[in-house]
Each structure stands twice: as structure tokens, then as C-alpha cells.
file work_16.cif (mmCIF, C-alpha atoms)
data_data
loop_
_atom_site.label_atom_id
_atom_site.label_comp_id
_atom_site.auth_asym_id
_atom_site.auth_seq_id
_atom_site.Cartn_x
_atom_site.Cartn_y
_atom_site.Cartn_z
CA MET A 240 -28.04 50.02 39.11
CA THR A 241 -24.53 51.30 38.93
CA TYR A 242 -21.89 49.96 36.51
CA TYR A 243 -18.17 50.19 36.16
CA ILE A 244 -17.05 49.18 32.65
CA ASN A 245 -13.49 49.52 31.45
CA LEU A 246 -12.45 48.48 27.95
CA GLY A 247 -8.74 48.84 27.15
CA GLY A 248 -8.38 51.69 29.66
CA ILE A 249 -11.45 53.54 28.36
CA ILE A 250 -14.05 54.05 31.11
CA ILE A 251 -17.58 53.85 29.76
CA TYR A 252 -19.89 56.09 31.72
CA GLY A 253 -23.60 56.86 31.59
CA VAL A 254 -24.51 53.17 31.18
CA GLN A 255 -28.26 52.70 30.84
CA ASN A 256 -28.66 49.12 29.66
CA VAL A 257 -26.48 46.01 29.23
CA ASP A 258 -27.36 42.92 27.19
CA ASP A 259 -24.97 40.00 27.21
CA GLY A 260 -25.20 36.32 26.52
CA LYS A 261 -23.72 33.20 25.02
CA ASP A 262 -25.39 30.70 22.71
CA ARG A 263 -24.74 27.91 20.26
CA GLU A 264 -26.42 26.52 17.19
CA ILE A 265 -28.42 23.32 17.22
CA THR A 266 -28.61 21.43 13.93
CA ALA A 267 -31.62 19.19 13.45
CA TYR A 268 -31.33 16.05 11.35
CA ASP A 269 -34.17 13.93 10.06
CA GLY A 270 -34.02 10.37 11.32
CA ILE A 271 -35.73 8.13 8.83
CA GLY A 272 -39.01 7.06 10.36
CA GLN A 273 -38.06 8.49 13.77
CA GLY A 274 -38.52 12.24 13.32
CA ASN A 275 -35.90 14.96 13.85
CA PHE A 276 -33.09 14.74 16.38
CA PRO A 277 -30.80 17.61 17.52
CA VAL A 278 -27.03 17.78 17.22
CA PRO A 279 -25.46 20.69 19.17
CA GLU A 280 -22.59 22.62 17.63
CA SER A 281 -19.71 24.27 19.52
CA PRO A 282 -20.72 27.20 21.80
CA LYS A 283 -20.24 30.70 20.47
CA LEU A 284 -18.26 33.47 22.18
CA HIS A 285 -19.68 35.59 24.98
CA THR A 286 -20.90 38.97 23.67
CA TRP A 287 -21.99 42.22 25.35
CA THR A 288 -24.15 45.05 24.04
CA ILE A 289 -23.84 48.20 26.19
CA GLU A 290 -26.14 51.20 25.75
CA CYS A 291 -25.04 54.48 27.33
CA GLU A 292 -25.29 58.24 27.04
CA MET A 293 -22.16 60.32 26.47
CA THR A 294 -21.77 64.07 26.41
CA GLU A 295 -19.25 66.68 25.32
CA LYS A 296 -19.62 68.56 28.61
CA ASN A 297 -19.84 67.12 32.10
CA THR A 298 -22.96 68.94 33.11
CA ASP A 299 -24.01 66.18 35.56
CA ASN A 300 -20.61 66.03 37.31
CA LEU A 301 -20.17 62.29 36.50
CA PRO A 302 -17.09 60.54 37.91
CA ASN A 303 -14.50 59.21 35.45
CA TRP A 304 -16.03 61.41 32.75
CA SER A 305 -14.39 61.99 29.33
CA ALA A 306 -15.60 64.04 26.40
CA ALA A 307 -17.60 61.97 23.94
CA SER A 308 -15.38 62.97 21.01
CA LYS A 309 -12.28 61.68 22.84
CA VAL A 310 -14.03 58.39 23.65
CA PHE A 311 -14.98 57.90 19.99
CA THR A 312 -11.35 58.55 18.94
CA ALA A 313 -10.17 55.90 21.45
CA PHE A 314 -12.73 53.46 20.06
CA ASP A 315 -11.35 53.98 16.55
CA VAL A 316 -7.86 53.10 17.83
CA LEU A 317 -9.17 49.84 19.34
CA LEU A 318 -10.90 48.94 16.07
CA ALA A 319 -7.64 49.45 14.18
CA THR A 320 -5.61 47.04 16.33
CA LYS A 321 -5.74 43.25 16.28
CA ASP A 322 -4.62 42.80 19.86
CA PRO A 323 -7.31 42.02 22.46
CA SER A 324 -8.06 44.48 25.25
CA ARG A 325 -8.75 43.96 28.95
CA PHE A 326 -12.50 44.08 29.56
CA ILE A 327 -13.70 44.72 33.12
CA PHE A 328 -17.39 44.58 33.92
CA VAL A 329 -18.64 45.33 37.45
CA SER A 330 -22.25 45.78 38.56
CA ASP A 331 -24.14 45.57 41.80
CA ASN A 332 -24.59 41.82 41.40
CA ARG A 333 -21.58 40.52 39.49
CA SER A 334 -18.10 41.23 38.27
CA GLU A 335 -16.13 39.85 35.30
CA SER A 336 -12.66 40.41 34.00
CA MET A 337 -11.42 38.93 30.74
CA SER A 338 -9.91 39.77 27.38
CA GLY A 339 -12.17 40.98 24.60
CA TYR A 340 -12.42 42.80 21.30
CA LEU A 341 -14.37 45.92 20.50
CA THR A 342 -16.61 44.56 17.78
CA GLY A 343 -18.09 47.95 16.93
CA TYR A 344 -19.94 51.00 18.17
CA SER A 345 -22.65 53.33 16.92
CA LYS A 346 -23.75 56.82 18.10
CA LYS A 347 -26.84 58.89 17.63
CA GLU A 348 -26.86 62.58 18.56
CA LYS A 349 -30.25 63.26 20.18
CA TYR A 350 -29.26 66.73 21.52
CA PRO A 351 -26.34 68.99 20.64
CA GLY A 352 -23.35 67.48 22.41
CA THR A 353 -25.36 64.53 23.77
CA TYR A 354 -25.15 61.06 22.13
CA ASP A 355 -26.92 57.76 22.54
CA VAL A 356 -24.07 55.25 22.13
CA THR A 357 -24.24 51.48 21.58
CA ILE A 358 -21.05 49.48 22.17
CA ARG A 359 -20.53 45.81 21.18
CA VAL A 360 -17.82 43.69 22.82
CA THR A 361 -16.87 40.06 22.02
CA GLU A 362 -14.96 37.63 24.24
CA TYR A 363 -11.40 36.72 23.22
CA LYS A 364 -10.04 33.15 23.35
CA ALA A 365 -6.45 32.29 22.54
CA ALA A 366 -6.07 29.68 19.81
CA GLY A 367 -4.11 26.66 20.95
CA VAL A 368 -2.62 23.65 19.20
CA LYS A 369 -2.95 20.33 20.91
CA THR A 370 -0.19 17.85 20.17
CA THR A 371 -0.27 14.15 20.80
CA ASP A 372 1.99 11.22 20.02
CA VAL A 373 0.83 8.90 17.29
CA PRO A 374 1.21 5.30 18.53
CA TYR A 375 3.34 3.04 16.40
CA ILE A 376 1.41 0.23 14.75
CA LYS A 377 3.35 -2.56 13.14
CA ARG A 378 2.26 -2.98 9.57
CA PRO A 379 1.59 -6.51 8.33
CA GLY A 380 3.71 -8.05 5.63
CA LYS A 381 7.24 -7.30 4.54
CA ALA A 382 8.56 -3.98 3.34
CA PRO A 383 9.29 -4.06 -0.39
CA ALA A 384 12.96 -4.33 -1.27
CA VAL A 385 14.57 -1.44 -3.09
CA PRO A 386 15.30 -2.52 -6.68
CA LYS A 387 18.96 -2.87 -7.52
CA THR A 388 20.51 -0.36 -9.88
CA VAL A 389 22.30 -1.93 -12.85
CA VAL A 390 24.92 0.19 -14.59
CA PHE A 391 26.12 -0.89 -18.03
CA ASN A 392 29.69 -0.12 -18.90
CA SER A 393 30.69 0.41 -22.50
CA LYS A 394 33.66 -1.91 -21.95
CA THR A 395 31.62 -4.86 -20.78
CA THR A 396 28.57 -4.92 -23.05
CA PRO A 397 28.20 -7.92 -25.39
CA TYR A 398 28.17 -5.60 -28.39
CA SER A 399 31.49 -3.94 -27.54
CA LYS A 400 33.01 -7.35 -26.81
CA THR A 401 31.96 -8.60 -30.24
CA GLN A 402 33.41 -5.56 -31.97
CA ASN A 403 36.72 -5.92 -30.13
CA ASP A 404 36.93 -9.61 -31.10
CA LYS A 405 36.35 -8.74 -34.75
CA LYS A 406 39.03 -6.04 -34.74
CA SER A 407 41.60 -8.22 -32.96
CA GLY A 408 40.76 -11.37 -34.93
CA GLY A 409 39.93 -13.25 -31.75
CA THR A 410 39.30 -16.96 -31.84
CA SER A 411 37.11 -19.26 -29.85
CA ASP A 412 38.39 -21.73 -27.30
CA SER A 413 38.42 -24.45 -29.95
CA GLY A 414 40.85 -22.51 -32.14
CA SER A 415 38.40 -21.63 -34.95
CA LYS A 416 38.09 -18.16 -36.38
CA ALA A 417 34.37 -17.96 -35.55
CA PRO A 418 33.44 -14.99 -33.35
CA VAL A 419 33.34 -15.77 -29.68
CA PHE A 420 30.82 -14.02 -27.43
CA GLN A 421 31.28 -13.52 -23.72
CA GLY A 422 28.00 -13.12 -21.85
CA PRO A 423 24.34 -13.64 -22.75
CA GLN A 424 23.74 -14.20 -26.42
CA SER A 425 19.96 -14.46 -26.15
CA MET A 426 17.12 -13.87 -23.76
CA VAL A 427 13.44 -14.69 -23.58
CA ILE A 428 11.22 -11.58 -23.75
CA GLY A 429 7.47 -12.13 -23.66
CA GLY A 430 7.89 -15.82 -24.41
CA VAL A 431 9.93 -15.10 -27.60
CA LEU A 432 13.59 -15.92 -28.01
CA ASN A 433 15.62 -12.74 -28.67
CA VAL A 434 19.20 -12.95 -29.92
CA LEU A 435 21.96 -10.35 -30.10
CA ASP A 436 22.46 -8.60 -33.45
CA THR A 437 26.23 -8.00 -33.74
CA LYS A 438 25.74 -5.10 -36.15
CA THR A 439 23.46 -3.02 -33.96
CA GLY A 440 24.21 -4.50 -30.54
CA LYS A 441 20.49 -4.93 -29.86
CA TYR A 442 18.44 -8.01 -29.05
CA VAL A 443 15.95 -8.90 -31.76
CA ALA A 444 13.25 -11.57 -31.90
CA LYS A 445 14.60 -14.51 -33.87
CA LYS A 446 13.23 -18.03 -34.18
CA THR A 447 15.79 -20.57 -35.31
CA ALA A 448 15.43 -24.23 -36.17
CA TRP A 449 19.02 -25.19 -35.52
CA GLY A 450 19.40 -24.48 -31.78
CA GLY A 451 20.27 -20.76 -31.50
CA VAL A 452 23.78 -20.66 -30.03
CA SER A 453 26.14 -23.50 -29.28
CA ASP A 454 28.89 -24.08 -26.76
CA ALA A 455 32.23 -23.04 -28.27
CA LYS A 456 34.11 -25.91 -26.56
CA THR A 457 31.73 -28.83 -26.98
CA GLY A 458 29.83 -27.63 -30.06
CA GLU A 459 26.52 -28.69 -28.49
CA PRO A 460 23.58 -26.38 -29.25
CA VAL A 461 21.95 -24.51 -26.37
CA THR A 462 18.25 -25.27 -26.49
CA ASN A 463 17.28 -23.38 -23.33
CA PRO A 464 18.30 -19.70 -23.36
CA ALA A 465 17.96 -19.57 -19.58
CA THR A 466 21.03 -21.81 -19.21
CA ILE A 467 23.33 -19.33 -20.96
CA LYS A 468 26.00 -18.19 -18.49
CA ASP A 469 27.93 -14.97 -18.34
CA LYS A 470 31.64 -15.01 -19.20
CA HIS A 471 31.29 -18.26 -21.11
CA ALA A 472 32.25 -18.78 -24.75
CA TYR A 473 29.44 -19.44 -27.23
CA SER A 474 29.51 -19.50 -31.03
CA ASN A 475 26.82 -17.58 -32.88
CA SER A 476 25.46 -20.55 -34.81
CA TYR A 477 22.19 -18.73 -35.26
CA LEU A 478 23.87 -16.32 -37.69
CA SER A 479 24.99 -19.09 -40.05
CA PRO A 480 22.30 -21.80 -40.26
CA GLN A 481 23.44 -25.31 -41.00
CA LYS A 482 22.94 -26.41 -44.58
CA LYS A 483 21.70 -29.82 -45.57
CA PRO A 484 24.38 -31.87 -47.35
CA THR A 485 23.95 -31.80 -51.13
CA GLU A 486 24.29 -34.89 -53.30
CA ASN A 487 26.99 -34.98 -56.01
CA SER A 488 26.07 -35.57 -59.65
CA GLY A 489 27.15 -39.25 -59.69
CA THR A 490 24.98 -40.19 -56.75
CA TRP A 491 22.03 -38.32 -58.24
CA VAL A 492 22.30 -40.19 -61.60
CA LYS A 493 22.60 -43.54 -59.83
CA ASN A 494 19.56 -42.92 -57.70
CA THR A 495 17.54 -41.74 -60.72
CA PHE A 496 18.24 -44.86 -62.87
CA SER A 497 17.60 -47.11 -59.89
CA ALA A 498 14.19 -45.55 -59.46
CA ILE A 499 13.39 -45.97 -63.19
CA GLY A 500 14.47 -49.66 -63.11
CA ASN A 501 12.30 -50.40 -60.08
CA ALA A 502 9.32 -48.78 -61.76
CA PHE A 503 9.86 -50.85 -65.01
CA LYS A 504 10.12 -54.11 -63.04
CA LYS A 505 6.92 -53.35 -61.22
CA TRP A 506 5.13 -52.60 -64.51
CA ALA A 507 6.37 -55.87 -66.18
CA ALA A 508 5.24 -57.97 -63.20
CA GLU A 509 1.76 -56.45 -63.38
CA GLU A 510 1.47 -57.10 -67.15
CA GLY A 511 2.52 -60.77 -66.77
CA LYS A 512 -0.06 -61.32 -64.05
CA ARG A 513 -2.78 -59.80 -66.20
CA ALA A 514 -1.85 -62.05 -69.20
CA ARG A 515 -2.02 -65.21 -67.08
CA ASN A 516 -5.43 -64.33 -65.78
CA TYR A 517 -6.69 -63.78 -69.36
CA LYS A 518 -5.51 -67.24 -70.64
CA GLY A 519 -7.08 -69.02 -67.72
CA GLY A 520 -10.44 -67.47 -68.50
CA ILE A 521 -10.45 -68.70 -72.18
CA SER A 522 -9.73 -72.30 -71.29
#
call {"tool": "encode", "arguments": {"input": "work_16.cif", "output": "C-alpha cells"}}
result
Amino acid sequence: MTYYINLGGIIIYGVQNVDDGKDREITAYDGIGQGNFPVPESPKLHTWTIECEMTEKNTDNLPNWSAASKVFTAFDVLLATKDPSRFIFVSDNRSESMSGYLTGYSKKEKYPGTYDVTIRVTEYKAAGVKTTDVPYIKRPGKAPAVPKTVVFNSKTTPYSKTQNDKKSGGTSDSGSKAPVFQGPQSMVIGGVLNVLDTKTGKYVAKKTAWGGVSDAKTGEPVTNPATIKDKHAYSNSYLSPQKKPTENSGTWVKNTFSAIGNAFKKWAAEEGKRARNYKGGIS
């Protein structure tokens, strides 16, 4: 059988045997109670193994002959490049033309200047990227709203307002000299009432028994911190708790003697009753 094999412009002569084929791996899995079943993997690349005889001198007058040393040098160049080469394979029964790589070669010198050469070629396939459009699927629910950004200005904080009122001697709407606060004076944090500390400008947990803050105009205490409005005047009644009215000395003396007199009358009535019961028993 005659062959014409060209790999990257190098004509391979003296071909004696060609082995080529293509296979794939089959992975066997054990089905519980049903034995093994095969799962085929992707097919491997087509490979060729070419055995030939090359010489340093063309003693047999072969066509397309090249010195073996020059062919080996050309093979080394193909092994050093990453670009595929044109591989042409023609025999008496078939012909193929495709791109391929020189996987490797080996030589064995059986006579001086005569080599048994084995050449291995692997099929080349260009890598491709498949693109596809991802269909739009409407997500259920509502997209979360972006939280609003709150910027505090040093001129509008309750603490700075309190300090400015103290420096300017500000008065409340009712005309008193008590500090007047514009804005929230308290807030509920974790179920606990927190009030503004005018010294530090921070909200601190504070439980009061006299109503927290009160309306500067009406004087009514604010029992629900959630009803406190911005830009409304409130007096900080929580800083100065109401004191119970104290009795003067005259009222105290009067009440004391009245209590002593009532106690003496009660004792005399009990003694008289006891004496009457005793006389009745003797008679």
C-alpha cells in the first residue's frame, strides 16, 4: 500500500504502518439493586501513529525524499510552536485533510544512517464560545426601597438649639424663662423612654413619674412620646420634677393637736362603756 502523508509541509516517506483511531471513555455507575449502567463521556480526539523508515542517503531513489536529520530538525520546530499544522493523509483507500498537532516522535537507528521512526499526530479542534440570551423572568414580590439618607446639620440639632437658647436667654411661647426646645425631646428605644440630656446632647433612658415633657403653650404634660412634633415648643419638665406642696408650721400643729384630741375622746368613750358593763354585772 502506498501512502502520501504531509504534516506542516514535511513529507513523510518510507511509511510501513499506520494506526489511527478515535475513542471515548465509558463510566459505569452502580444502580442500587439493578446492577451497573454505562454513562458515555465526550469523544476524544482522532490520533494517528505512523511508523516509517528514514535514511540519510536516498539509496532507494524514493520520491519526495529528505535526509532524516533534516526531517528531525523540522519536527523539533513543529514541537516548539503552538499553532496547528495542516495534516494530509492519502492512501489507496481513503484520504483526509485536517488540522493537527505533532504530539511527538521517536527514532531508533537500526543501521548507520537508517532509522526506524514513530510519529504521533493528534487532531486539532478550535475552541468556540457559544452565547445565548438569558430570558427575562419577572421576579415575584416588590423590589426593596432604597433607604433614605438622613444628614444632620449642626445648626438644626436639638442640642445646638438648646445651647443657643441658653446663650441668648430665649423664652418659651408663654413668656417664662424656662428653656424652650424645638424638635423631639424624647424617643422610645427598645420600649424605654429616652430623653435629651441638654449637657451632652445625647438621648438617655429616663423614667419619669410626672409626664416627661409638657406643651410650652398649654402646660399639659405629653404622656405619649410618639405625639411629639418637630418645630413645636416643649418645656423640659422632666429636668425639674414637681414637688409636693409642703405644709406650714401652723397647719402642722393644728393637725397634730386635732389627732391627739380625737384619740383621747375615743379612749374616754371606751372606758365609760367598760365601767357601765361592770356595774350591771354586780347588780
call {"tool": "resolve_selection", "arguments": {"input": "work_16.cif", "expression": "the PyMOL selection byres ((chain A and resi 361) around 10)", "output": "ChimeraX atom specification"}}
result
/A:259,284-288,323,326,338-343,359-360,362-364
call {"tool": "atom_distance", "arguments": {"input": "work_16.cif", "atom1": "atom CA of A:Tyr242", "atom2": "atom CA of A:Lys321"}}
result
26.7 Å
call {"tool": "resolve_selection", "arguments": {"input": "work_16.cif", "expression": "the PyMOL selection byres ((chain A and resi 304-319) around 10)", "output": "ChimeraX atom specification"}}
result
/A:246-253,292-297,299-303,320-324,340-346,352-354,356,358
call {"tool": "atom_distance", "arguments": {"input": "work_16.cif", "atom1": "atom CA of A:Lys347", "atom2": "atom CA of A:Ile244"}}
result
20.4 Å
call {"tool": "closest_residue", "arguments": {"input": "work_16.cif", "among": "A:Phe276, A:Pro282, A:Lys504, A:Thr371", "to": "A:Arg263", "atoms": "all atoms listed in the file"}}
result
A:Pro282
call {"tool": "atom_distance", "arguments": {"input": "work_16.cif", "atom1": "atom CA of A:Thr241", "atom2": "atom CA of A:Lys349"}}
result
23.0 Å
call {"tool": "residues_around", "arguments": {"input": "work_16.cif", "residues": "A:Arg333", "least_positions_apart": "3", "cutoff": "12 Å", "atoms": "only C-alpha atoms", "output": "mmCIF file with C-alpha atoms, in the frame of the given file"}}
result
data_model
loop_
_atom_site.group_PDB
_atom_site.id
_atom_site.type_symbol
_atom_site.label_atom_id
_atom_site.label_comp_id
_atom_site.auth_asym_id
_atom_site.auth_seq_id
_atom_site.Cartn_x
_atom_site.Cartn_y
_atom_site.Cartn_z
ATOM 1 C CA MET A 240 -28.040 50.020 39.110
ATOM 2 C CA THR A 241 -24.530 51.300 38.930
ATOM 3 C CA TYR A 242 -21.890 49.960 36.510
ATOM 4 C CA TYR A 243 -18.170 50.190 36.160
ATOM 5 C CA ILE A 244 -17.050 49.180 32.650
ATOM 6 C CA ILE A 327 -13.700 44.720 33.120
ATOM 7 C CA PHE A 328 -17.390 44.580 33.920
ATOM 8 C CA VAL A 329 -18.640 45.330 37.450
ATOM 9 C CA SER A 330 -22.250 45.780 38.560
ATOM 10 C CA SER A 336 -12.660 40.410 34.000
#
call {"tool": "resolve_selection", "arguments": {"input": "work_16.cif", "expression": "the PyMOL selection byres ((chain A and resi 277) around 12)", "output": "list in words"}}
result
Glu264, Ile265, Thr266, Ala267, Tyr268, Asp269, Gly270, Gly274, Asn275, Phe276, Val278, Pro279 and Glu280 of chain A
call {"tool": "write_last_selection", "arguments": {"input": "work_16.cif", "atoms": "C-alpha atoms", "output": "PDB file, in the frame of the given file"}}
result
ATOM      1  CA  GLU A 264     -26.420  26.520  17.190  1.00  0.00           C
ATOM      2  CA  ILE A 265     -28.420  23.320  17.220  1.00  0.00           C
ATOM      3  CA  THR A 266     -28.610  21.430  13.930  1.00  0.00           C
ATOM      4  CA  ALA A 267     -31.620  19.190  13.450  1.00  0.00           C
ATOM      5  CA  TYR A 268     -31.330  16.050  11.350  1.00  0.00           C
ATOM      6  CA  ASP A 269     -34.170  13.930  10.060  1.00  0.00           C
ATOM      7  CA  GLY A 270     -34.020  10.370  11.320  1.00  0.00           C
ATOM      8  CA  GLY A 274     -38.520  12.240  13.320  1.00  0.00           C
ATOM      9  CA  ASN A 275     -35.900  14.960  13.850  1.00  0.00           C
ATOM     10  CA  PHE A 276     -33.090  14.740  16.380  1.00  0.00           C
ATOM     11  CA  VAL A 278     -27.030  17.780  17.220  1.00  0.00           C
ATOM     12  CA  PRO A 279     -25.460  20.690  19.170  1.00  0.00           C
ATOM     13  CA  GLU A 280     -22.590  22.620  17.630  1.00  0.00           C
TER      14      GLU A 280
END
